[in-house]
$ cat upload_29.txt   # compact mmCIF, C-alpha atoms
# COMPACT_ATOMS: atom_id res chain seq x y z
CA MET X 1 3.16 -66.73 96.14
CA GLN X 2 0.39 -64.34 95.32
CA GLN X 3 -3.07 -65.64 96.13
CA SER X 4 -4.27 -64.32 92.82
CA ASP X 5 -2.10 -67.00 91.26
CA PHE X 6 -4.83 -69.45 92.08
CA THR X 7 -7.94 -69.58 89.98
CA ASP X 8 -11.39 -70.36 91.34
CA GLU X 9 -11.16 -73.74 89.70
CA GLU X 10 -7.91 -74.52 91.44
CA LEU X 11 -9.33 -73.51 94.79
CA MET X 12 -12.32 -75.68 94.12
CA ALA X 13 -10.15 -78.61 93.08
CA TYR X 14 -8.15 -78.16 96.27
CA ALA X 15 -11.37 -78.22 98.30
CA ASP X 16 -12.40 -81.38 96.47
CA GLY X 17 -9.03 -83.06 96.84
CA GLU X 18 -8.47 -83.00 93.11
CA LEU X 19 -5.68 -80.48 92.78
CA PRO X 20 -2.44 -82.02 91.50
CA GLU X 21 0.09 -82.48 94.26
CA ASP X 22 2.55 -79.78 93.30
CA ARG X 23 -0.15 -77.12 93.10
CA ALA X 24 -1.72 -78.41 96.29
CA SER X 25 1.58 -77.95 98.13
CA ALA X 26 1.87 -74.43 96.83
CA MET X 27 -1.71 -73.84 97.94
CA ASP X 28 -0.88 -75.07 101.46
CA LEU X 29 1.83 -72.47 101.75
CA ALA X 30 -0.23 -69.67 100.24
CA LEU X 31 -3.19 -70.38 102.52
CA ALA X 32 -1.03 -69.89 105.57
CA ASP X 33 -0.25 -66.40 104.37
CA SER X 34 -3.53 -65.16 103.03
CA VAL X 35 -6.81 -64.76 104.84
CA GLU X 36 -8.43 -63.70 101.63
CA LEU X 37 -7.37 -66.88 99.89
CA ALA X 38 -8.71 -68.92 102.82
CA ASP X 39 -12.03 -67.12 102.47
CA ARG X 40 -12.20 -67.92 98.81
CA LEU X 41 -11.43 -71.54 99.59
CA ALA X 42 -14.09 -71.67 102.30
CA LEU X 43 -16.77 -70.88 99.75
CA PHE X 44 -15.99 -74.08 97.87
CA ILE X 45 -15.69 -76.19 100.99
CA GLU X 46 -18.99 -74.93 102.34
CA THR X 47 -20.99 -75.21 99.18
CA ARG X 48 -19.95 -78.82 98.82
CA ALA X 49 -20.89 -79.64 102.41
CA VAL X 50 -24.19 -77.82 102.15
CA ALA X 51 -25.13 -79.49 98.88
CA LYS X 52 -24.38 -82.91 100.26
CA GLU X 53 -26.31 -82.32 103.45
CA ALA X 54 -29.28 -80.79 101.67
CA TRP X 55 -29.73 -83.90 99.57
CA GLU X 56 -28.98 -86.38 102.33
CA PRO X 57 -32.63 -86.96 103.34
CA ALA X 58 -33.49 -87.92 99.77
CA LEU X 59 -31.07 -90.82 100.06
CA HIS X 60 -33.05 -92.27 102.94
CA ALA X 61 -36.43 -92.16 101.29
CA PRO X 62 -37.72 -95.72 100.99
CA VAL X 63 -37.22 -97.27 97.58
CA PRO X 64 -40.52 -98.58 96.16
CA ASP X 65 -40.71 -102.35 96.30
CA HIS X 66 -41.53 -102.66 92.64
CA LEU X 67 -38.11 -101.31 91.69
CA VAL X 68 -36.27 -103.81 93.84
CA GLN X 69 -38.56 -106.53 92.56
CA ARG X 70 -37.89 -105.57 88.97
CA VAL X 71 -34.13 -105.86 89.47
CA ARG X 72 -34.62 -109.33 90.92
CA GLU X 73 -36.80 -110.36 87.99
CA LEU X 74 -34.26 -109.15 85.50
CA ALA X 75 -31.49 -110.92 87.38
CA ALA X 76 -33.47 -114.15 87.38
CA ALA X 77 -34.12 -113.86 83.66
CA ASP X 78 -30.43 -113.16 83.09
CA GLN X 79 -29.35 -116.20 84.97
CA LYS X 80 -31.06 -118.36 82.40
CA VAL X 81 -29.67 -116.55 79.42
CA GLN X 82 -26.23 -116.59 80.95
CA THR X 83 -26.23 -120.32 80.92
CA VAL X 84 -26.23 -120.19 77.15
CA SER X 85 -22.68 -121.02 76.34
CA ASP X 86 -21.18 -119.38 73.33
CA ASP X 87 -21.43 -122.67 71.60
CA THR X 88 -24.56 -124.63 71.20
CA VAL X 89 -25.76 -125.86 74.55
CA VAL X 90 -28.64 -124.06 76.14
CA ALA X 91 -29.21 -125.06 79.70
CA PHE X 92 -32.04 -123.92 81.86
CA GLN X 93 -32.94 -124.36 85.43
CA PRO X 94 -36.15 -125.61 86.86
CA LYS X 95 -38.14 -122.94 88.57
CA PRO X 96 -40.44 -124.78 90.90
CA SER X 97 -41.29 -121.91 93.23
CA ALA X 98 -40.13 -118.58 91.90
CA PRO X 99 -42.19 -117.46 88.92
CA ALA X 100 -39.80 -114.69 88.00
CA ALA X 101 -40.54 -114.82 84.31
CA PRO X 102 -43.80 -113.25 83.30
CA PRO X 103 -46.49 -115.53 81.94
CA LEU X 104 -46.32 -116.16 78.25
CA TRP X 105 -49.34 -114.05 77.46
CA LYS X 106 -47.82 -111.02 79.11
CA LEU X 107 -44.58 -111.08 77.22
CA PRO X 108 -43.87 -108.09 75.07
CA LEU X 109 -42.37 -109.68 72.04
CA ALA X 110 -39.53 -107.97 70.32
CA ALA X 111 -40.57 -106.63 66.96
CA SER X 112 -38.29 -109.07 65.24
CA LEU X 113 -40.00 -112.02 66.78
CA ALA X 114 -43.10 -113.74 65.69
CA LEU X 115 -44.66 -116.25 67.96
CA ALA X 116 -45.87 -119.19 66.00
CA VAL X 117 -47.87 -121.69 67.94
CA GLY X 118 -47.05 -124.94 66.34
CA LEU X 119 -45.00 -125.53 63.30
CA GLY X 120 -46.04 -128.41 61.21
CA ALA X 121 -43.56 -129.96 58.91
CA GLY X 122 -45.34 -128.34 56.02
CA LEU X 123 -44.96 -124.93 57.57
CA MET X 124 -41.25 -125.31 57.94
CA LEU X 125 -40.28 -127.26 54.92
CA SER X 126 -42.66 -126.29 52.21
CA PRO X 127 -42.64 -122.55 51.70
CA ASN X 128 -45.16 -123.13 48.92
CA SER X 129 -47.75 -124.62 51.19
CA SER X 130 -50.72 -122.51 52.05
CA GLY X 131 -49.80 -122.46 55.71
CA GLY X 132 -47.64 -119.53 56.69
CA LEU X 133 -46.39 -118.15 59.95
CA GLY X 134 -49.75 -116.53 60.29
CA SER X 135 -51.57 -119.79 60.52
CA ILE X 136 -52.11 -121.23 63.93
CA GLU X 137 -51.83 -124.94 64.13
CA ILE X 138 -50.77 -127.31 66.81
CA ALA X 139 -49.18 -130.02 64.83
CA ALA X 140 -47.33 -133.21 65.23
CA LEU X 141 -44.04 -133.25 63.43
CA THR X 142 -44.38 -135.42 60.41
CA ASP X 143 -41.16 -134.78 58.58
CA ALA X 144 -39.18 -137.96 58.92
CA ARG X 145 -35.86 -136.20 58.91
CA ILE X 146 -36.78 -133.92 61.81
CA ILE X 147 -38.20 -136.83 63.74
CA ALA X 148 -35.08 -138.83 63.09
CA ALA X 149 -32.93 -135.94 64.25
CA LEU X 150 -34.93 -135.47 67.43
CA ASN X 151 -34.72 -139.19 68.07
CA THR X 152 -30.99 -139.45 67.60
CA VAL X 153 -28.96 -136.25 67.47
CA PRO X 154 -27.44 -135.46 70.87
CA SER X 155 -27.94 -131.98 72.28
CA GLY X 156 -25.16 -129.69 71.30
CA GLU X 157 -24.72 -131.29 67.89
CA ASP X 158 -26.57 -130.46 64.75
CA ALA X 159 -27.73 -132.19 61.65
CA LEU X 160 -27.92 -130.81 58.15
CA LEU X 161 -30.95 -131.84 56.22
CA THR X 162 -30.65 -132.52 52.53
CA ASP X 163 -32.34 -129.29 51.49
CA GLY X 164 -29.84 -127.17 53.42
CA ALA X 165 -31.94 -126.67 56.51
CA ARG X 166 -30.27 -127.41 59.79
CA ILE X 167 -31.61 -128.80 63.02
CA ALA X 168 -29.76 -128.42 66.28
CA PRO X 169 -31.13 -130.05 69.42
CA ILE X 170 -30.31 -127.80 72.36
CA ALA X 171 -31.43 -129.76 75.39
CA THR X 172 -33.51 -132.69 76.48
CA PHE X 173 -35.64 -132.56 79.61
CA PHE X 174 -38.75 -133.82 81.30
CA ASP X 175 -41.53 -131.32 81.84
CA GLY X 176 -43.71 -131.09 84.93
CA ALA X 177 -45.87 -133.97 83.65
CA GLN X 178 -42.74 -136.10 83.20
CA THR X 179 -43.08 -135.95 79.45
CA LEU X 180 -39.85 -136.18 77.52
CA CYS X 181 -39.21 -132.93 75.65
CA ARG X 182 -36.51 -131.53 73.45
CA GLU X 183 -35.65 -127.95 72.84
CA PHE X 184 -34.17 -127.40 69.42
CA GLU X 185 -33.40 -124.80 66.85
CA PHE X 186 -34.35 -125.16 63.26
CA ASP X 187 -32.69 -123.06 60.59
CA ARG X 188 -34.90 -122.86 57.57
CA THR X 189 -33.38 -122.48 54.17
CA ASP X 190 -34.82 -118.98 53.98
CA GLY X 191 -32.65 -117.87 56.86
CA MET X 192 -35.35 -117.95 59.49
CA THR X 193 -34.33 -119.60 62.72
CA ILE X 194 -37.03 -121.18 64.80
CA VAL X 195 -36.56 -121.95 68.45
CA SER X 196 -38.89 -124.72 69.41
CA VAL X 197 -39.84 -127.26 72.05
CA ALA X 198 -41.35 -130.59 71.08
CA CYS X 199 -42.58 -133.22 73.51
CA GLN X 200 -43.43 -136.87 73.17
CA ARG X 201 -47.18 -137.54 73.03
CA GLY X 202 -48.53 -140.84 71.91
CA GLY X 203 -45.26 -141.88 70.35
CA GLN X 204 -44.73 -138.80 68.25
CA TRP X 205 -43.10 -135.43 68.70
CA ASP X 206 -45.68 -132.72 69.29
CA VAL X 207 -44.53 -129.16 68.87
CA GLN X 208 -45.37 -127.28 72.05
CA MET X 209 -44.07 -123.88 71.13
CA ALA X 210 -42.01 -122.22 68.49
CA VAL X 211 -40.56 -118.77 68.25
CA ALA X 212 -39.36 -117.54 64.93
CA ALA X 213 -36.34 -115.30 65.13
CA ALA X 214 -36.10 -113.28 61.95
CA ALA X 215 -32.37 -113.28 61.67
CA ALA X 216 -29.98 -115.72 63.16
CA THR X 217 -26.81 -114.37 64.65
CA ASP X 218 -23.37 -114.81 63.12
CA THR X 219 -23.03 -118.09 64.87
CA GLY X 220 -26.21 -119.31 63.27
CA TYR X 221 -28.07 -119.51 66.53
CA ALA X 222 -31.15 -117.61 67.49
CA PRO X 223 -30.57 -114.31 69.29
CA ALA X 224 -30.92 -114.42 73.03
CA SER X 225 -34.00 -112.22 72.99
CA SER X 226 -36.02 -115.06 71.55
CA LEU X 227 -35.12 -117.02 74.64
CA ASP X 228 -37.32 -114.80 76.80
CA THR X 229 -40.35 -116.47 75.33
CA LEU X 230 -38.73 -119.84 75.68
CA ASP X 231 -37.98 -119.12 79.32
CA ALA X 232 -41.57 -118.20 79.94
CA TYR X 233 -42.70 -121.43 78.33
CA LEU X 234 -40.23 -123.52 80.27
CA SER X 235 -41.12 -122.07 83.62
CA ALA X 236 -44.85 -122.27 82.91
CA ASN X 237 -44.45 -125.96 82.19
CA ASN X 238 -42.14 -126.73 85.08
CA ALA X 239 -39.40 -127.91 82.82
CA GLY X 240 -36.85 -130.00 84.62
CA PRO X 241 -33.11 -129.53 84.26
CA PRO X 242 -31.47 -130.68 81.03
CA LEU X 243 -30.52 -134.31 81.05
CA ASP X 244 -26.84 -135.00 81.00
CA PRO X 245 -25.50 -136.72 77.87
CA SER X 246 -25.79 -140.28 79.15
CA ASP X 247 -29.32 -139.82 80.51
CA GLU X 248 -30.29 -138.14 77.29
CA ALA X 249 -28.90 -140.99 75.23
CA ALA X 250 -30.82 -143.50 77.37
CA ALA X 251 -34.05 -141.53 77.11
CA LEU X 252 -33.73 -141.25 73.34
CA ALA X 253 -32.82 -144.93 73.00
CA ALA X 254 -36.02 -145.79 74.83
CA LEU X 255 -38.02 -144.13 72.04
CA ARG X 256 -36.84 -146.59 69.46
CA MET H 1 -28.56 -117.69 93.53
CA SER H 2 -26.96 -114.35 94.20
CA ASP H 3 -26.02 -112.04 91.40
CA LYS H 4 -23.54 -109.34 92.35
CA PHE H 5 -24.54 -107.10 89.48
CA ALA H 6 -28.16 -107.18 90.66
CA ASP H 7 -27.23 -106.81 94.33
CA ASP H 8 -25.06 -103.81 93.55
CA ILE H 9 -27.85 -102.18 91.57
CA ILE H 10 -30.33 -102.74 94.39
CA ALA H 11 -27.90 -101.24 96.88
CA PHE H 12 -27.51 -98.24 94.62
CA LEU H 13 -31.22 -97.65 93.98
CA PRO H 14 -31.49 -94.90 96.63
CA ASN H 15 -28.73 -92.95 94.88
CA LEU H 16 -30.31 -93.48 91.49
CA ARG H 17 -33.63 -92.21 92.80
CA ARG H 18 -32.01 -89.21 94.37
CA PHE H 19 -30.23 -88.28 91.17
CA ALA H 20 -33.42 -88.92 89.20
CA ILE H 21 -35.38 -86.61 91.49
CA SER H 22 -32.81 -83.89 91.01
CA LEU H 23 -33.26 -84.25 87.27
CA CYS H 24 -37.01 -84.44 86.95
CA ARG H 25 -38.21 -83.05 90.30
CA SER H 26 -41.10 -85.47 90.43
CA PRO H 27 -40.87 -88.60 92.58
CA ASP H 28 -43.18 -90.54 90.26
CA THR H 29 -41.27 -89.65 87.15
CA ALA H 30 -38.07 -90.38 89.05
CA ASP H 31 -39.24 -93.91 89.75
CA ASP H 32 -40.09 -94.40 86.09
CA LEU H 33 -36.65 -93.13 85.21
CA VAL H 34 -34.98 -95.48 87.65
CA GLN H 35 -36.95 -98.39 86.25
CA ILE H 36 -35.91 -97.52 82.70
CA THR H 37 -32.33 -97.29 83.94
CA VAL H 38 -32.54 -100.72 85.50
CA GLU H 39 -34.02 -102.24 82.33
CA ARG H 40 -31.35 -100.67 80.18
CA ALA H 41 -28.59 -101.72 82.56
CA PHE H 42 -29.61 -105.35 82.31
CA ALA H 43 -30.07 -105.14 78.55
CA ALA H 44 -26.57 -103.70 78.20
CA ARG H 45 -25.05 -105.79 80.93
CA ALA H 46 -22.53 -107.40 78.60
CA GLN H 47 -21.15 -103.96 77.77
CA PHE H 48 -20.40 -103.08 81.37
CA ASP H 49 -16.69 -103.11 82.05
CA PRO H 50 -16.24 -104.59 85.54
CA ASP H 51 -13.02 -102.61 85.94
CA THR H 52 -15.02 -99.40 85.99
CA ARG H 53 -17.42 -98.20 88.62
CA LEU H 54 -20.94 -99.48 88.26
CA GLU H 55 -22.26 -96.30 89.87
CA ALA H 56 -20.86 -94.06 87.16
CA TRP H 57 -22.19 -96.36 84.47
CA LEU H 58 -25.66 -96.37 85.99
CA PHE H 59 -25.73 -92.60 86.38
CA ARG H 60 -24.81 -92.26 82.76
CA ILE H 61 -27.61 -94.57 81.68
CA LEU H 62 -30.05 -92.70 83.91
CA ARG H 63 -29.08 -89.32 82.60
CA ASN H 64 -29.32 -90.48 79.01
CA ALA H 65 -32.73 -91.95 79.77
CA TRP H 66 -33.77 -88.59 81.15
CA ILE H 67 -32.56 -86.83 78.04
CA ASP H 68 -34.55 -89.29 75.93
CA MET H 69 -37.59 -88.74 78.10
CA THR H 70 -37.46 -84.97 77.85
CA ARG H 71 -36.93 -85.21 74.14
CA ARG H 72 -40.10 -87.23 73.79
CA THR H 73 -42.34 -85.58 76.29
CA LYS H 74 -41.96 -81.88 76.41
CA THR H 75 -43.90 -81.57 79.62
CA ARG H 76 -41.63 -79.53 81.75
CA GLY H 77 -44.63 -77.54 82.90
CA THR H 78 -46.15 -80.50 84.70
CA GLN H 79 -43.30 -81.08 87.08
CA ILE H 80 -44.20 -81.37 90.69
CA ASP H 81 -42.42 -79.24 93.18
CA ILE H 82 -40.06 -81.48 95.07
CA ASP H 83 -41.05 -79.83 98.32
CA ASP H 84 -44.53 -81.30 97.99
CA ALA H 85 -43.11 -84.79 97.92
CA PRO H 86 -43.50 -86.77 101.11
CA ASP H 87 -39.82 -87.59 101.24
CA ALA H 88 -38.67 -84.11 100.47
CA SER H 89 -37.95 -83.08 103.98
CA THR H 90 -39.02 -83.67 107.50
CA VAL H 91 -39.22 -80.29 109.06
CA ASP H 92 -40.81 -80.42 112.45
CA GLY H 93 -42.45 -77.09 113.10
CA THR H 94 -41.02 -76.80 116.56
CA LYS H 95 -37.54 -77.60 115.41
CA VAL H 96 -37.13 -75.41 112.44
CA THR H 97 -33.56 -74.49 112.98
CA GLU H 98 -31.50 -72.21 110.92
CA THR H 99 -29.62 -75.20 109.69
CA ALA H 100 -32.78 -76.82 108.40
CA LEU H 101 -33.83 -73.65 106.70
CA MET H 102 -30.39 -73.28 105.24
CA LEU H 103 -30.50 -76.81 103.86
CA GLN H 104 -33.92 -76.24 102.35
CA SER H 105 -32.67 -73.11 100.70
CA ALA H 106 -29.61 -74.97 99.52
CA LYS H 107 -31.74 -77.63 97.93
CA ALA H 108 -33.87 -75.01 96.27
CA ALA H 109 -30.77 -73.16 95.13
CA ILE H 110 -29.41 -76.30 93.51
CA GLU H 111 -32.72 -77.10 91.86
CA THR H 112 -32.93 -73.72 90.24
CA LEU H 113 -29.45 -73.86 88.77
CA PRO H 114 -29.13 -74.35 85.03
CA ALA H 115 -29.31 -78.08 84.30
CA ASP H 116 -25.64 -78.36 83.35
CA GLN H 117 -24.55 -76.85 86.63
CA ARG H 118 -27.06 -78.77 88.70
CA ASP H 119 -25.85 -82.07 87.27
CA VAL H 120 -22.22 -81.48 88.24
CA ILE H 121 -23.25 -80.42 91.74
CA MET H 122 -25.31 -83.59 92.14
CA LEU H 123 -22.63 -85.90 90.81
CA ILE H 124 -19.62 -84.37 92.52
CA CYS H 125 -20.80 -82.65 95.69
CA VAL H 126 -23.76 -84.88 96.51
CA GLU H 127 -22.75 -88.23 95.05
CA GLU H 128 -19.07 -87.60 95.67
CA MET H 129 -17.84 -88.69 92.29
CA SER H 130 -14.47 -87.56 91.00
CA TYR H 131 -14.27 -84.93 88.28
CA LYS H 132 -13.20 -87.62 85.89
CA GLU H 133 -16.11 -89.90 86.70
CA ALA H 134 -18.57 -87.03 86.40
CA ALA H 135 -17.06 -86.12 83.04
CA GLY H 136 -17.63 -89.71 81.97
CA VAL H 137 -21.25 -89.67 83.10
CA LEU H 138 -21.96 -86.39 81.35
CA GLY H 139 -19.88 -87.09 78.28
CA THR H 140 -18.05 -83.78 78.61
CA PRO H 141 -14.37 -82.89 79.08
CA ILE H 142 -13.09 -82.52 82.66
CA GLY H 143 -12.34 -78.84 82.01
CA THR H 144 -16.00 -78.24 81.22
CA VAL H 145 -17.06 -80.09 84.35
CA MET H 146 -14.75 -77.97 86.47
CA SER H 147 -15.84 -74.65 85.06
CA ARG H 148 -19.53 -75.58 85.46
CA LEU H 149 -18.91 -76.77 88.98
CA ALA H 150 -17.07 -73.63 90.01
CA ARG H 151 -19.78 -71.43 88.52
CA ALA H 152 -22.49 -73.47 90.21
CA ARG H 153 -20.84 -73.21 93.60
CA ILE H 154 -20.30 -69.50 93.33
CA ALA H 155 -23.97 -69.14 92.38
CA ILE H 156 -25.11 -71.26 95.32
CA GLY H 157 -22.84 -69.30 97.63
CA GLU H 158 -24.43 -66.10 96.46
CA LYS H 159 -27.96 -67.37 96.87
CA LEU H 160 -27.26 -68.62 100.36
CA GLY H 161 -25.28 -65.63 101.39
CA ILE H 162 -22.07 -67.59 101.66
CA ASN H 163 -20.00 -64.99 99.95
CA ARG H 164 -16.30 -64.95 99.86
CA ASP H 165 -16.00 -62.56 102.74
CA THR H 166 -18.26 -64.34 105.15
CA ALA H 167 -17.67 -67.93 104.21
CA ARG H 168 -14.91 -68.51 106.68
CA SER H 169 -16.66 -66.96 109.62
CA SER H 170 -20.00 -68.65 108.98
CA GLY H 171 -18.07 -71.87 108.57
CA SER H 172 -16.89 -71.51 112.14
CA GLN H 173 -20.52 -71.56 113.34
CA GLY H 174 -22.06 -69.59 116.13
CA ASP H 175 -23.60 -66.66 114.33
CA SER H 176 -27.23 -66.09 115.15

$ encode --input "upload_29.txt" --output "structure tokens"
Amino acid sequence: MQQSDFTDEELMAYADGELPEDRASAMDLALADSVELADRLALFIETRAVAKEAWEPALHAPVPDHLVQRVRELAAADQKVQTVSDDTVVAFQPKPSAPAAPPLWKLPLAASLALAVGLGAGLMLSPNSSGGLGSIEIAALTDARIIAALNTVPSGEDALLTDGARIAPIATFFDGAQTLCREFEFDRTDGMTIVSVACQRGGQWDVQMAVAAAAATDTGYAPASSLDTLDAYLSANNAGPPLDPSDEAAALAALR
Amino acid sequence: MSDKFADDIIAFLPNLRRFAISLCRSPDTADDLVQITVERAFAARAQFDPDTRLEAWLFRILRNAWIDMTRRTKTRGTQIDIDDAPDASTVDGTKVTETALMLQSAKAAIETLPADQRDVIMLICVEEMSYKEAAGVLGTPIGTVMSRLARARIAIGEKLGINRDTARSSGSQGDS
């Protein structure tokens, strides 16, 4: 075997343990015979070792805390989104001590999202009304059909309203003040999906927050990105865990 | 609750920073780059195939983020020399050995390589990825990776005086 039979790339691959076995065996034999070939090989072995060693100290430089912290924050935020099943039930966990989600006012909203504080029945159901998404109003829900749905429809099911809108309660929970709240999605007839939380105050459902997601996904549910805002709201208000179906039924029955 | 994906990323942060520093040569920019990588990794988490190596996936995200960054900010002139960085090296004046000098020169030699060659050196020789993984990170065929890598190593050898004739003897140590 002539040493010139081996290219630089083959020698390098041999040095890196990447030469196919048959060529590597041939190389073993050729190396025993040729000092020159061994010298050529040594170049590739040495440059690898030197490169690795030269950059070794950089591996031991301390990683800034904020990077580690950021990974933890993202992981915590993910854990909530992950609990969204591919069906309809959105679960969330109480976060009594770890404020991983940023406060609501710090949230960079995705361009497709508009944060609407409050959505009165007029806002949602009467596109002709003067109120638009731009108006800010904290409103009690007055539409009887939405109230009826919130009072009766179990989480995970949905109800079609006569005009083609759809309401889907997602979860029922008590907030930090032990107020009964429901998270729900509302699909307007114009295709806008609104993710909202309403809580019981003085015998009526008060809308606490609403995020309008411009386009619902194929499944008809709001995209997960809109849940970031929801998460921030839920953690800021010490939302408790979702009630299980029987507790939810009992809590809703108590409203009537 | 533990999250393996997050734990693995945290464990790999030193490697991401090292690769980032090799790309941008500024520790501050490197940290920005690593943060962007982390954000993108979580955003694209669903697309990660658990049967593949997370490390290669992260390197790919980081390198693409760097390409995006350089596209946007054409500020190559403002890079900081890596040797000014506090973590760059720890050369004690009384212990400046030939080895330390050699390693400093090696680092410098790698940094001054053309970007394509530097990247394959970092991924394969420093991060010990396979040719195939490196090809995946860089989005180039394995043949291209190998030819760049061979050229890069020959260039480093020349800069450091590890030429083909002396490589074997200097490898056996002992020369003054």

$ interface_residues --input "upload_29.txt" --of "chain X" --to "chain H" --cutoff "8 Å" --atoms "all atoms listed in the file" --output "MDAnalysis selection string"
chainID X and resid 8:9 12 18 36 38:40 42:44 46:63 67:68 70:72 74:75 78

$ closest_residue --input "upload_29.txt" --among "H:Thr97, H:Ser26, H:Thr140, H:Thr37" --to "Trp57 of chain H" --atoms "all atoms listed in the file"
H:Thr37

$ atom_distance --input "upload_29.txt" --atom1 "atom CA of Asp247 of chain X" --atom2 "atom CA of Asn151 of chain X"
13.6 Å

$ atom_distance --input "upload_29.txt" --atom1 "atom CA of Gln117 of chain H" --atom2 "atom CA of Leu138 of chain H"
11.2 Å

$ atom_distance --input "upload_29.txt" --atom1 "atom CA of Leu243 of chain X" --atom2 "atom CA of Ala177 of chain X"
15.6 Å

$ residues_around --input "upload_29.txt" --residues "Thr172 of chain X" --least-positions-apart "3" --cutoff "10 Å" --atoms "only C-alpha atoms" --output "PyMOL selection string"
chain X and resi 90-91+150+154-155+169+175+180-184+197-199+239-245+247-249+251-252

$ closest_residue --input "upload_29.txt" --among "X:Ala210, X:Ala30, X:Leu19, X:Ala159" --to "Asp5 of chain X" --atoms "all atoms listed in the file"
X:Ala30
